[in-house]
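Student: Pasting start.pdb below, which is PDB, C-alpha atoms and all ligand atoms.
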ATOM      1  CA  MET A   1     293.094 235.070 -43.796
ATOM      2  CA  HIS A   2     292.211 237.273 -40.861
ATOM      3  CA  ILE A   3     288.458 237.354 -40.285
ATOM      4  CA  ALA A   4     286.140 238.749 -37.640
ATOM      5  CA  VAL A   5     282.581 238.247 -36.532
ATOM      6  CA  ALA A   6     280.655 241.215 -35.180
ATOM      7  CA  GLN A   7     277.949 240.024 -32.845
ATOM      8  CA  VAL A   8     275.271 242.665 -32.311
ATOM      9  CA  GLY A   9     273.312 243.107 -29.092
ATOM     10  CA  PRO A  10     269.618 243.956 -28.933
ATOM     11  CA  ILE A  11     268.157 246.564 -31.286
ATOM     12  CA  ALA A  12     264.961 248.236 -30.098
ATOM     13  CA  ARG A  13     261.955 248.746 -32.371
ATOM     14  CA  SER A  14     262.365 252.474 -31.830
ATOM     15  CA  ASP A  15     266.065 252.553 -32.780
ATOM     16  CA  THR A  16     266.851 254.550 -35.895
ATOM     17  CA  ARG A  17     268.938 253.159 -38.776
ATOM     18  CA  ALA A  18     271.459 255.926 -38.117
ATOM     19  CA  ARG A  19     271.953 254.747 -34.535
ATOM     20  CA  THR A  20     272.299 251.112 -35.571
ATOM     21  CA  VAL A  21     274.674 251.871 -38.443
ATOM     22  CA  ALA A  22     276.807 253.918 -36.013
ATOM     23  CA  ARG A  23     277.060 250.790 -33.807
ATOM     24  CA  LEU A  24     278.039 248.683 -36.817
ATOM     25  CA  CYS A  25     280.705 251.237 -37.743
ATOM     26  CA  GLU A  26     282.210 250.970 -34.256
ATOM     27  CA  LEU A  27     282.318 247.186 -34.611
ATOM     28  CA  LEU A  28     283.930 247.473 -38.049
ATOM     29  CA  LYS A  29     286.597 249.801 -36.629
ATOM     30  CA  ASP A  30     287.228 247.397 -33.753
ATOM     31  CA  ALA A  31     287.657 244.489 -36.200
ATOM     32  CA  ALA A  32     289.973 246.546 -38.428
ATOM     33  CA  SER A  33     292.104 247.625 -35.453
ATOM     34  CA  ARG A  34     292.769 243.932 -34.753
ATOM     35  CA  GLY A  35     293.858 243.392 -38.354
ATOM     36  CA  ALA A  36     290.757 241.626 -39.684
ATOM     37  CA  LYS A  37     290.045 241.921 -43.417
ATOM     38  CA  TRP A  38     286.503 240.507 -43.439
ATOM     39  CA  VAL A  39     283.666 240.925 -40.944
ATOM     40  CA  THR A  40     280.419 238.989 -40.637
ATOM     41  CA  PHE A  41     277.405 240.881 -39.258
ATOM     42  CA  PRO A  42     274.100 239.180 -38.276
ATOM     43  CA  GLU A  43     270.872 238.479 -40.151
ATOM     44  CA  LEU A  44     268.526 241.506 -40.489
ATOM     45  CA  THR A  45     271.223 243.605 -38.882
ATOM     46  CA  LEU A  46     269.705 247.015 -39.459
ATOM     47  CA  THR A  47     266.552 246.708 -37.350
ATOM     48  CA  THR A  48     265.000 244.813 -34.517
ATOM     49  CA  PHE A  49     263.894 241.275 -35.481
ATOM     50  CA  PHE A  50     260.462 242.450 -36.683
ATOM     51  CA  PRO A  51     259.094 239.011 -37.803
ATOM     52  CA  ARG A  52     258.251 238.373 -34.149
ATOM     53  CA  TRP A  53     255.218 240.633 -34.703
ATOM     54  CA  SER A  54     252.241 240.432 -37.034
ATOM     55  CA  ILE A  55     252.332 243.944 -38.449
ATOM     56  CA  GLU A  56     249.329 244.816 -40.607
ATOM     57  CA  ASP A  57     250.100 248.388 -41.655
ATOM     58  CA  PRO A  58     251.969 248.058 -44.997
ATOM     59  CA  ARG A  59     253.775 251.343 -44.417
ATOM     60  CA  GLU A  60     255.093 250.119 -41.104
ATOM     61  CA  VAL A  61     256.175 246.820 -42.685
ATOM     62  CA  ARG A  62     258.004 248.707 -45.425
ATOM     63  CA  SER A  63     259.846 250.762 -42.812
ATOM     64  CA  PHE A  64     261.876 247.658 -41.947
ATOM     65  CA  PHE A  65     262.981 247.104 -45.574
ATOM     66  CA  GLU A  66     265.771 248.619 -47.678
ATOM     67  CA  THR A  67     264.925 249.700 -51.204
ATOM     68  CA  GLU A  68     268.516 250.433 -52.171
ATOM     69  CA  MET A  69     271.894 249.294 -50.944
ATOM     70  CA  PRO A  70     273.752 251.272 -49.960
ATOM     71  CA  GLY A  71     271.028 253.766 -49.127
ATOM     72  CA  LYS A  72     271.439 257.134 -47.470
ATOM     73  CA  GLU A  73     271.570 255.643 -43.963
ATOM     74  CA  THR A  74     273.771 252.635 -44.742
ATOM     75  CA  ARG A  75     276.315 254.494 -46.860
ATOM     76  CA  PRO A  76     278.551 255.382 -43.868
ATOM     77  CA  LEU A  77     279.254 251.659 -43.351
ATOM     78  CA  PHE A  78     280.303 251.257 -46.986
ATOM     79  CA  ASP A  79     282.461 254.399 -46.839
ATOM     80  CA  LEU A  80     284.126 253.177 -43.678
ATOM     81  CA  ALA A  81     284.778 249.753 -45.205
ATOM     82  CA  ARG A  82     286.550 251.453 -48.110
ATOM     83  CA  GLU A  83     288.543 253.704 -45.772
ATOM     84  CA  LEU A  84     289.638 250.736 -43.626
ATOM     85  CA  GLY A  85     290.009 248.260 -46.480
ATOM     86  CA  VAL A  86     287.755 245.759 -44.701
ATOM     87  CA  GLY A  87     285.027 243.722 -46.413
ATOM     88  CA  PHE A  88     281.805 242.600 -44.761
ATOM     89  CA  TYR A  89     278.679 240.425 -44.869
ATOM     90  CA  LEU A  90     275.507 242.283 -43.965
ATOM     91  CA  GLY A  91     272.010 240.848 -43.513
ATOM     92  CA  TYR A  92     268.993 243.070 -44.183
ATOM     93  CA  ALA A  93     265.368 243.018 -45.343
ATOM     94  CA  GLU A  94     265.291 243.733 -49.080
ATOM     95  CA  LEU A  95     262.400 245.238 -51.006
ATOM     96  CA  ASP A  96     262.807 244.512 -54.722
ATOM     97  CA  GLY A  97     259.782 246.022 -56.458
ATOM     98  CA  GLU A  98     256.927 244.255 -54.671
ATOM     99  CA  ARG A  99     259.079 241.310 -53.636
ATOM    100  CA  GLN A 100     260.407 241.010 -50.094
ATOM    101  CA  PHE A 101     263.492 238.966 -49.285
ATOM    102  CA  ASN A 102     265.635 238.202 -46.258
ATOM    103  CA  THR A 103     268.954 239.061 -47.888
ATOM    104  CA  SER A 104     272.673 239.240 -47.252
ATOM    105  CA  ILE A 105     275.334 240.967 -49.297
ATOM    106  CA  LEU A 106     279.080 240.623 -49.496
ATOM    107  CA  VAL A 107     280.907 243.937 -49.724
ATOM    108  CA  ASP A 108     284.617 243.997 -50.503
ATOM    109  CA  GLY A 109     287.305 246.172 -48.936
ATOM    110  CA  GLY A 110     286.771 248.720 -51.704
ATOM    111  CA  GLY A 111     283.175 249.220 -50.565
ATOM    112  CA  SER A 112     281.678 247.445 -53.617
ATOM    113  CA  ILE A 113     278.967 244.796 -53.435
ATOM    114  CA  ILE A 114     280.462 241.615 -54.882
ATOM    115  CA  GLY A 115     277.768 239.124 -53.892
ATOM    116  CA  LYS A 116     274.158 238.739 -52.896
ATOM    117  CA  TYR A 117     272.192 235.887 -51.329
ATOM    118  CA  ARG A 118     268.469 235.616 -50.526
ATOM    119  CA  LYS A 119     267.444 233.282 -47.691
ATOM    120  CA  ILE A 120     266.033 230.003 -48.950
ATOM    121  CA  HIS A 121     264.957 228.143 -45.806
ATOM    122  CA  ILE A 122     262.315 230.546 -44.486
ATOM    123  CA  PRO A 123     261.185 229.263 -41.086
ATOM    124  CA  GLY A 124     258.087 229.903 -39.004
ATOM    125  CA  ASP A 125     254.576 230.827 -40.101
ATOM    126  CA  ALA A 126     252.645 233.233 -42.299
ATOM    127  CA  GLN A 127     250.110 233.934 -39.533
ATOM    128  CA  SER A 128     250.256 234.172 -35.754
ATOM    129  CA  GLN A 129     249.792 230.830 -34.052
ATOM    130  CA  ASP A 130     247.467 230.489 -31.044
ATOM    131  CA  GLY A 131     249.196 229.357 -27.894
ATOM    132  CA  TYR A 132     252.733 229.987 -29.104
ATOM    133  CA  PRO A 133     254.760 231.938 -26.546
ATOM    134  CA  ILE A 134     256.922 233.337 -29.341
ATOM    135  CA  GLN A 135     255.689 234.122 -32.823
ATOM    136  CA  HIS A 136     258.031 233.722 -35.759
ATOM    137  CA  LEU A 137     256.383 235.093 -38.881
ATOM    138  CA  GLU A 138     259.097 235.048 -41.499
ATOM    139  CA  LYS A 139     256.738 233.337 -43.966
ATOM    140  CA  LYS A 140     254.465 236.391 -43.707
ATOM    141  CA  TYR A 141     257.209 238.785 -44.719
ATOM    142  CA  PHE A 142     259.646 236.956 -46.984
ATOM    143  CA  GLN A 143     259.564 235.037 -50.234
ATOM    144  CA  VAL A 144     261.860 232.079 -50.729
ATOM    145  CA  GLY A 145     265.159 233.307 -52.156
ATOM    146  CA  ASP A 146     265.657 232.982 -55.892
ATOM    147  CA  LEU A 147     269.436 233.093 -56.189
ATOM    148  CA  GLY A 148     270.407 229.580 -55.104
ATOM    149  CA  PHE A 149     273.574 229.272 -53.021
ATOM    150  CA  PRO A 150     276.179 231.185 -55.037
ATOM    151  CA  VAL A 151     279.823 231.576 -54.020
ATOM    152  CA  PHE A 152     282.067 234.544 -54.724
ATOM    153  CA  ASP A 153     285.782 234.914 -55.330
ATOM    154  CA  ALA A 154     287.325 237.358 -52.896
ATOM    155  CA  GLY A 155     291.001 237.354 -53.759
ATOM    156  CA  GLU A 156     292.347 233.886 -53.057
ATOM    157  CA  THR A 157     289.334 232.929 -50.967
ATOM    158  CA  ARG A 158     285.957 231.724 -52.138
ATOM    159  CA  ILE A 159     283.166 232.977 -49.904
ATOM    160  CA  GLY A 160     279.577 231.729 -49.630
ATOM    161  CA  MET A 161     276.679 233.050 -47.604
ATOM    162  CA  CYS A 162     273.620 231.682 -45.874
ATOM    163  CA  ILE A 163     271.156 233.120 -43.387
ATOM    164  CA  CYS A 164     270.096 231.808 -39.994
ATOM    165  CA  ASN A 165     267.752 228.812 -40.466
ATOM    166  CA  ASP A 166     269.749 227.832 -43.591
ATOM    167  CA  ARG A 167     272.593 226.868 -41.260
ATOM    168  CA  ARG A 168     270.645 223.876 -39.930
ATOM    169  CA  TRP A 169     270.248 222.252 -43.362
ATOM    170  CA  PRO A 170     273.135 220.145 -44.698
ATOM    171  CA  GLU A 171     272.139 220.859 -48.301
ATOM    172  CA  THR A 172     272.995 224.553 -47.807
ATOM    173  CA  TYR A 173     276.679 223.900 -47.279
ATOM    174  CA  ARG A 174     276.996 220.932 -49.609
ATOM    175  CA  VAL A 175     275.828 222.985 -52.581
ATOM    176  CA  MET A 176     278.473 225.590 -51.726
ATOM    177  CA  SER A 177     281.086 222.970 -50.977
ATOM    178  CA  LEU A 178     280.544 221.524 -54.453
ATOM    179  CA  GLN A 179     281.594 224.969 -55.697
ATOM    180  CA  ALA A 180     284.772 224.699 -53.591
ATOM    181  CA  VAL A 181     283.764 227.248 -50.982
ATOM    182  CA  ASP A 182     286.477 228.159 -48.448
ATOM    183  CA  LEU A 183     284.485 230.275 -46.017
ATOM    184  CA  VAL A 184     280.754 230.389 -45.311
ATOM    185  CA  MET A 185     279.418 233.498 -43.589
ATOM    186  CA  VAL A 186     276.127 233.286 -41.724
ATOM    187  CA  GLY A 187     274.112 235.717 -39.636
ATOM    188  CA  TYR A 188     271.341 234.602 -37.283
ATOM    189  CA  ASN A 189     268.511 235.646 -34.957
ATOM    190  CA  THR A 190     267.570 232.651 -32.806
ATOM    191  CA  PRO A 191     265.134 233.159 -29.966
ATOM    192  CA  THR A 192     265.262 230.937 -26.910
ATOM    193  CA  GLY A 193     261.864 229.301 -26.465
ATOM    194  CA  TYR A 194     261.035 228.822 -30.141
ATOM    195  CA  GLY A 195     260.402 225.363 -31.509
ATOM    196  CA  ARG A 196     259.502 222.283 -29.522
ATOM    197  CA  LEU A 197     257.345 223.518 -26.670
ATOM    198  CA  GLY A 198     259.072 223.134 -23.342
ATOM    199  CA  GLU A 199     262.459 222.601 -24.971
ATOM    200  CA  PRO A 200     265.220 222.972 -22.350
ATOM    201  CA  ARG A 201     266.744 226.412 -22.632
ATOM    202  CA  HIS A 202     270.275 225.174 -23.261
ATOM    203  CA  LEU A 203     269.371 223.369 -26.486
ATOM    204  CA  PRO A 204     269.156 226.273 -28.991
ATOM    205  CA  LEU A 205     272.803 227.133 -28.344
ATOM    206  CA  LEU A 206     273.811 223.472 -28.563
ATOM    207  CA  HIS A 207     271.971 223.069 -31.880
ATOM    208  CA  ASN A 208     273.551 226.248 -33.202
ATOM    209  CA  HIS A 209     277.081 225.011 -32.625
ATOM    210  CA  LEU A 210     276.242 221.427 -33.579
ATOM    211  CA  SER A 211     275.021 222.612 -36.989
ATOM    212  CA  LEU A 212     277.931 224.980 -37.625
ATOM    213  CA  GLN A 213     280.635 222.573 -36.491
ATOM    214  CA  ALA A 214     279.270 219.598 -38.424
ATOM    215  CA  ALA A 215     278.914 221.789 -41.518
ATOM    216  CA  ALA A 216     282.476 223.088 -41.372
ATOM    217  CA  TYR A 217     283.935 219.626 -40.895
ATOM    218  CA  GLN A 218     281.774 217.738 -43.421
ATOM    219  CA  ASN A 219     282.251 220.410 -46.079
ATOM    220  CA  THR A 220     285.914 221.249 -45.407
ATOM    221  CA  CYS A 221     285.391 224.961 -44.973
ATOM    222  CA  TRP A 222     285.596 227.699 -42.378
ATOM    223  CA  VAL A 223     282.340 229.077 -40.992
ATOM    224  CA  ALA A 224     281.952 232.572 -39.531
ATOM    225  CA  ALA A 225     278.655 232.954 -37.675
ATOM    226  CA  ALA A 226     277.260 236.181 -36.203
ATOM    227  CA  ALA A 227     274.323 236.380 -33.802
ATOM    228  CA  LYS A 228     271.955 239.157 -32.934
ATOM    229  CA  ALA A 229     271.980 238.393 -29.237
ATOM    230  CA  GLY A 230     270.544 239.329 -25.872
ATOM    231  CA  VAL A 231     267.082 240.351 -24.732
ATOM    232  CA  GLU A 232     265.487 242.242 -27.614
ATOM    233  CA  GLU A 233     261.979 243.625 -27.104
ATOM    234  CA  GLY A 234     261.480 241.132 -24.255
ATOM    235  CA  ILE A 235     262.647 238.071 -26.225
ATOM    236  CA  HIS A 236     265.935 236.365 -25.407
ATOM    237  CA  MET A 237     268.107 235.656 -28.447
ATOM    238  CA  ILE A 238     271.052 233.301 -28.215
ATOM    239  CA  GLY A 239     274.586 234.584 -28.709
ATOM    240  CA  GLY A 240     277.393 232.108 -29.249
ATOM    241  CA  SER A 241     278.796 233.828 -32.344
ATOM    242  CA  CYS A 242     281.845 231.913 -33.461
ATOM    243  CA  ILE A 243     284.427 231.074 -36.073
ATOM    244  CA  VAL A 244     284.622 227.343 -36.823
ATOM    245  CA  ALA A 245     287.578 225.609 -38.468
ATOM    246  CA  PRO A 246     287.356 222.800 -41.054
ATOM    247  CA  THR A 247     288.379 220.489 -38.217
ATOM    248  CA  GLY A 248     284.930 221.126 -36.743
ATOM    249  CA  GLU A 249     286.475 222.965 -33.799
ATOM    250  CA  ILE A 250     285.326 226.365 -32.605
ATOM    251  CA  ALA A 251     288.400 228.555 -32.988
ATOM    252  CA  VAL A 252     286.919 231.516 -31.133
ATOM    253  CA  GLN A 253     283.543 232.305 -29.596
ATOM    254  CA  ALA A 254     281.793 235.421 -28.263
ATOM    255  CA  LEU A 255     281.381 235.508 -24.499
ATOM    256  CA  SER A 256     278.765 238.228 -24.191
ATOM    257  CA  GLU A 257     275.225 238.663 -25.474
ATOM    258  CA  ASP A 258     275.949 242.190 -26.657
ATOM    259  CA  ASP A 259     277.974 244.053 -29.285
ATOM    260  CA  GLU A 260     281.241 242.109 -29.442
ATOM    261  CA  VAL A 261     283.937 241.466 -32.006
ATOM    262  CA  ILE A 262     285.768 238.160 -32.183
ATOM    263  CA  ASN A 263     288.591 237.543 -34.646
ATOM    264  CA  TYR A 264     290.869 234.787 -35.828
ATOM    265  CA  VAL A 265     293.681 234.337 -38.310
ATOM    266  CA  CYS A 266     292.444 231.383 -40.351
ATOM    267  CA  ASP A 267     294.885 229.027 -41.988
ATOM    268  CA  MET A 268     292.960 228.384 -45.187
ATOM    269  CA  SER A 269     295.150 225.401 -46.028
ATOM    270  CA  LEU A 270     293.711 223.518 -43.037
ATOM    271  CA  ALA A 271     290.939 222.300 -45.336
ATOM    272  CA  ASP A 272     293.393 220.747 -47.794
ATOM    273  CA  GLY A 273     294.195 217.722 -45.644
ATOM    274  CA  TYR A 274     290.523 216.773 -45.538
ATOM    275  CA  ARG A 275     289.846 217.624 -49.175
ATOM    276  CA  GLY A 276     292.685 215.378 -50.243
ATOM    277  CA  ASN A 277     291.766 212.454 -48.037
ATOM    278  CA  ILE A 278     288.663 211.636 -46.023
ATOM    279  CA  PHE A 279     286.515 214.159 -47.928
ATOM    280  CA  ASN A 280     288.088 213.751 -51.334
ATOM    281  CA  TYR A 281     284.807 214.179 -53.218
ATOM    282  CA  GLU A 282     286.022 212.872 -56.567
ATOM    283  CA  ARG A 283     287.188 209.625 -55.004
ATOM    284  CA  HIS A 284     284.530 208.964 -52.416
ATOM    285  CA  ARG A 285     281.226 210.734 -53.132
ATOM    286  CA  ARG A 286     278.470 208.558 -54.614
ATOM    287  CA  PRO A 287     275.912 210.963 -56.112
ATOM    288  CA  GLU A 288     274.195 208.132 -57.988
ATOM    289  CA  HIS A 289     272.892 207.061 -54.571
ATOM    290  CA  TYR A 290     271.729 210.519 -53.497
ATOM    291  CA  ARG A 291     268.756 210.831 -55.888
ATOM    292  CA  ALA A 292     266.192 211.086 -53.092
ATOM    293  CA  ILE A 293     267.771 214.290 -51.838
ATOM    294  CA  VAL A 294     266.570 216.233 -54.854
ATOM    295  CA  ASP A 295     263.548 214.092 -55.785
ATOM    296  CA  ARG A 296     261.858 214.164 -52.385
ATOM    297  CA  VAL A 297     260.936 217.061 -50.137
ATOM    298  CA  GLY A 298     259.777 215.055 -47.132
ATOM    299  CA  ALA A 299     260.324 211.610 -45.690
ATOM    300  CA  SER A 300     258.107 208.967 -47.217
ATOM    301  CA  ARG A 301     256.282 206.529 -44.911
ATOM    302  CA  SER A 302     254.616 204.708 -47.783
ATOM    303  CA  PRO A 303     255.087 200.894 -47.743
ATOM    304  CA  LEU A 304     258.480 199.864 -49.083
TER     305      LEU A 304
HETATM  306  N1  LIG B 401     265.795 233.749 -38.013
HETATM  307  C1  LIG B 401     265.720 232.406 -38.062
HETATM  308  O1  LIG B 401     265.791 231.816 -39.131
HETATM  309  N2  LIG B 401     265.527 231.772 -36.908
HETATM  310  C2  LIG B 401     265.329 230.357 -36.804
HETATM  311  C3  LIG B 401     264.400 230.034 -35.654
HETATM  312  C4  LIG B 401     263.013 230.215 -36.073
HETATM  313  C5  LIG B 401     264.544 228.660 -35.137
HETATM  314  C6  LIG B 401     266.637 229.613 -36.634
HETATM  315  O2  LIG B 401     266.815 228.610 -37.337
HETATM  316  O3  LIG B 401     267.443 229.973 -35.777
END
Would you write out, as structure tokens, the structure that this file holds?
Tutor:
Amino acid sequence: MHIAVAQVGPIARSDTRARTVARLCELLKDAASRGAKWVTFPELTLTTFFPRWSIEDPREVRSFFETEMPGKETRPLFDLARELGVGFYLGYAELDGERQFNTSILVDGGGSIIGKYRKIHIPGDAQSQDGYPIQHLEKKYFQVGDLGFPVFDAGETRIGMCICNDRRWPETYRVMSLQAVDLVMVGYNTPTGYGRLGEPRHLPLLHNHLSLQAAAYQNTCWVAAAAKAGVEEGIHMIGGSCIVAPTGEIAVQALSEDDEVINYVCDMSLADGYRGNIFNYERHRRPEHYRAIVDRVGASRSPL
């Protein structure tokens, strides 16, 4: 299976959808010219990463959301996908009635939406935090997703999706792995300087790859991860977009922090060796001992 990841460089607050979609179309063409059949785009691909600001004007907030998909401005990407016969994952802010979600869709090579996911692990805060150098207000703008972690059959391959912070949580992949997922697509926007204050600047990239590589290996699947990268509205966002094999190895990685396509011909049977042996779930998993994972949200310090 030939897949690509389209990393996207900074998008300014003033950029129009039309301009951004034109960039995405160029990336899709680049991926298709290399022979790729599926492309992963980042989280919230159509606009700048607006949750870095506390925006009070509801009309301005709504301007970052899509009410239909495809809409007038996004249709060219769908038309191009159909023309090229290339499917894609696209992250965007979804307005569903009054409900706001951080969403991704899976569009097949015929230009039809075959899957939808709404981000479950919503990080950050609902209000600006005093003293934080970088605000991350996803809890202000997004509800927790209500679709679980579904997987979708795309020809011979079963594809799952998650969004940014989801990639750090083992449960995300295990739920998909228990539905025999072959490929997990993930888009992300990860600022340097978020999180533990004074965290060394190399750690966000390390944690990105650590999470993706462990997930691919432990869940016997491929992972295709696309960053929105570079300095966007004064905030540095990590790049490091990559395709990870079920061996846990990075097969290919972006070198820039700008618009860049990476691609790889994935041998989907690479997972079989692990599924039949070290990670043979039927033989080795012990769910009767995993109760706490669903019964508890946090770690209990109560006396044993
Ligand atoms: N967009 C994100 O979900 N970003 C988070 C940040 C807040 C750490 C991430 O997990 O990369």
Student: Work out how far atom CA of Ile238 of chain A is from atom CA of Leu206 of chain A, in Å to one decimal.
Tutor: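 One can read the atom CA of Leu206 of chain A to atom CA of Ile238 of chain A distance as 10.2 Å.
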Student: Choose the residue, out of A:Gly198, A:Glu68, A:Ala292, A:His121, that has the smallest atom-to-atom separation from Pro133 of chain A; count all atoms listed in the file.
Tutor: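 The closest residue to Pro133 of chain A is A:Gly198.
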Student: Could you tell me which of A:Pro10, A:Gly111, A:Pro191, A:Gly145 comes closest to ligand LIG 401 (chain B) if we count only C-alpha atoms and all ligand atoms?
Tutor: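 With only C-alpha atoms and all ligand atoms as the atom set, the closest residue is A:Pro191.
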Student: Show me the residues close to (267.9, 242.9, -42.1) - anything with an atom within 7 Å, counting all atoms listed in the file - and format the list as a ChimeraX atom specification.
Tutor: /A:43-47,91-93,102
Student: Could you list the residues chosen by the PyMOL selection byres (((chain A and resi 264) around 8) and not hetatm) in this structure as a list in words?
Tutor: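 Evaluating the PyMOL selection byres (((chain A and resi 264) around 8) and not hetatm) on these coordinates yields His2, Ile3, Ala4, Ala36, Ile243, Ala251, Val252, Ile262, Asn263, Val265 and Cys266 of chain A.
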Student: Point out the residue among A:Thr103, A:Thr192, A:Thr48, A:Ser128 with the least atom-to-atom distance to ligand LIG 401 (chain B), counting only C-alpha atoms and all ligand atoms.
Tutor: A:Thr192
Student: If the limit is 6 Å from any atom of ligand LIG 401 (chain B), counting all atoms listed in the file, which residues qualify? Return them as a list of chain:residue names.
Tutor: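 Here is the list of contacting residues: A:Pro123, A:Gly124, A:Cys164, A:Asn165, A:Tyr188, A:Asn189, A:Thr190.
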Student: Which one is closest to Gln143 of chain A: A:Trp169, A:Phe50, A:Tyr117, A:Phe101? Count all atoms listed in the file.
Tutor: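 Looking only at the distances to Gln143 of chain A, the closest residue turns out to be A:Phe101.
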Student: Smallest atom-to-atom distance to Tyr141 of chain A: which of A:Ala299, A:Cys162, A:Ala126, A:Leu84, using all atoms listed in the file?
Tutor: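 Answer, going by the shortest atom-to-atom distance: A:Ala126.
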Student: Can you list, as a PyMOL selection string, every protein, DNA or RNA residue that comes within 10 Å of Leu270 of chain A when you count only C-alpha atoms, leaving out same-chain residues fewer than 4 positions away?
Tutor: chain A and resi 220-222+245-247+266+274-275
Student: Using only C-alpha atoms, can you tell me which of A:Val86, A:Ala180, A:Met185, A:Ile55 comes closest to Lys29 of chain A?
Tutor: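 For Lys29 of chain A, the nearest of the given residues is A:Val86.
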Student: To one decimal place, how far is atom CA of Gln135 of chain A from atom CA of Phe49 of chain A in Å?
Tutor: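 Atom CA of Gln135 of chain A sits 11.2 Å away from atom CA of Phe49 of chain A.
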Student: Can you list, as a list in words, every protein, DNA or RNA residue that comes within 9 Å of Leu24 of chain A when you count only C-alpha atoms, leaving out same-chain residues fewer than 2 positions away?
Tutor: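 Skipping anything fewer than 2 positions along the chain leaves Ala6, Val8, Arg19, Thr20, Val21, Ala22, Glu26, Leu27, Leu28, Lys29, Phe41, Thr45, Leu46, Leu77 and Asp259 of chain A.
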Student: Given the file shown, determine the residues that the PyMOL selection byres (((chain A and resi 204) around 10) and not hetatm) selects; report them as a ChimeraX atom specification.
Tutor: /A:190-195,199-203,205-210,237-239
Student: Report as lines of an AutoDock Vina configuration file the centre and the edge lengths, in Å to one decimal, of the axis-aligned box holding every listed atom of segment 4-21 of chain A, padded by 6 Å on each side.
Tutor:
center_x = 274.0
center_y = 247.1
center_z = -33.9
size_x = 36.2
size_y = 29.7
size_z = 21.8
Student: Run the PyMOL selection byres (((chain A and resi 112) around 10) and not hetatm) mentally over the shown coordinates, then write out the matched residues as a PyMOL selection string, using the chain letters and numbers from the document.
Tutor: chain A and resi 70+78-79+81-82+87+106-111+113-115
Student: Mind giving me the straight-line distance from atom CA of Gly160 of chain A to atom CA of Met176 of chain A in Å, one decimal?
Tutor: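 If I compute the distance from atom CA of Gly160 of chain A to atom CA of Met176 of chain A, I get 6.6 Å.
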Student: Starting from the sparse input, extend segment 101-111 of chain A to N, CA, C and O atoms and give the output as a tab-separated table (two decimals), in the coordinates of the input.
Tutor:
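Once written, out16.tsv looks like this:
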chain	number	residue	atom	x	y	z
A	101	PHE	N	262.55	240.05	-49.56
A	101	PHE	CA	263.49	238.97	-49.28
A	101	PHE	C	264.26	239.24	-48.00
A	101	PHE	O	264.49	240.39	-47.62
A	102	ASN	N	264.69	238.15	-47.38
A	102	ASN	CA	265.64	238.20	-46.26
A	102	ASN	C	267.01	237.98	-46.90
A	102	ASN	O	267.33	236.86	-47.31
A	103	THR	N	267.79	239.02	-47.00
A	103	THR	CA	268.95	239.06	-47.89
A	103	THR	C	270.26	239.29	-47.14
A	103	THR	O	270.27	239.88	-46.06
A	104	SER	N	271.34	238.82	-47.73
A	104	SER	CA	272.67	239.24	-47.25
A	104	SER	C	273.50	239.64	-48.47
A	104	SER	O	273.30	239.12	-49.57
A	105	ILE	N	274.41	240.57	-48.23
A	105	ILE	CA	275.33	240.97	-49.30
A	105	ILE	C	276.76	240.81	-48.80
A	105	ILE	O	277.02	240.83	-47.59
A	106	LEU	N	277.65	240.67	-49.78
A	106	LEU	CA	279.08	240.62	-49.50
A	106	LEU	C	279.69	241.87	-50.12
A	106	LEU	O	279.54	242.11	-51.32
A	107	VAL	N	280.31	242.67	-49.27
A	107	VAL	CA	280.91	243.94	-49.72
A	107	VAL	C	282.42	243.82	-49.56
A	107	VAL	O	282.90	243.40	-48.49
A	108	ASP	N	283.16	244.16	-50.61
A	108	ASP	CA	284.62	244.00	-50.50
A	108	ASP	C	285.27	245.21	-49.83
A	108	ASP	O	284.60	246.20	-49.51
A	109	GLY	N	286.57	245.12	-49.63
A	109	GLY	CA	287.30	246.17	-48.94
A	109	GLY	C	287.39	247.48	-49.71
A	109	GLY	O	287.88	248.48	-49.19
A	110	GLY	N	286.86	247.48	-50.94
A	110	GLY	CA	286.77	248.72	-51.70
A	110	GLY	C	285.39	249.35	-51.56
A	110	GLY	O	285.09	250.36	-52.19
A	111	GLY	N	284.52	248.69	-50.78
A	111	GLY	CA	283.18	249.22	-50.56
A	111	GLY	C	282.19	248.84	-51.66
A	111	GLY	O	281.09	249.38	-51.73
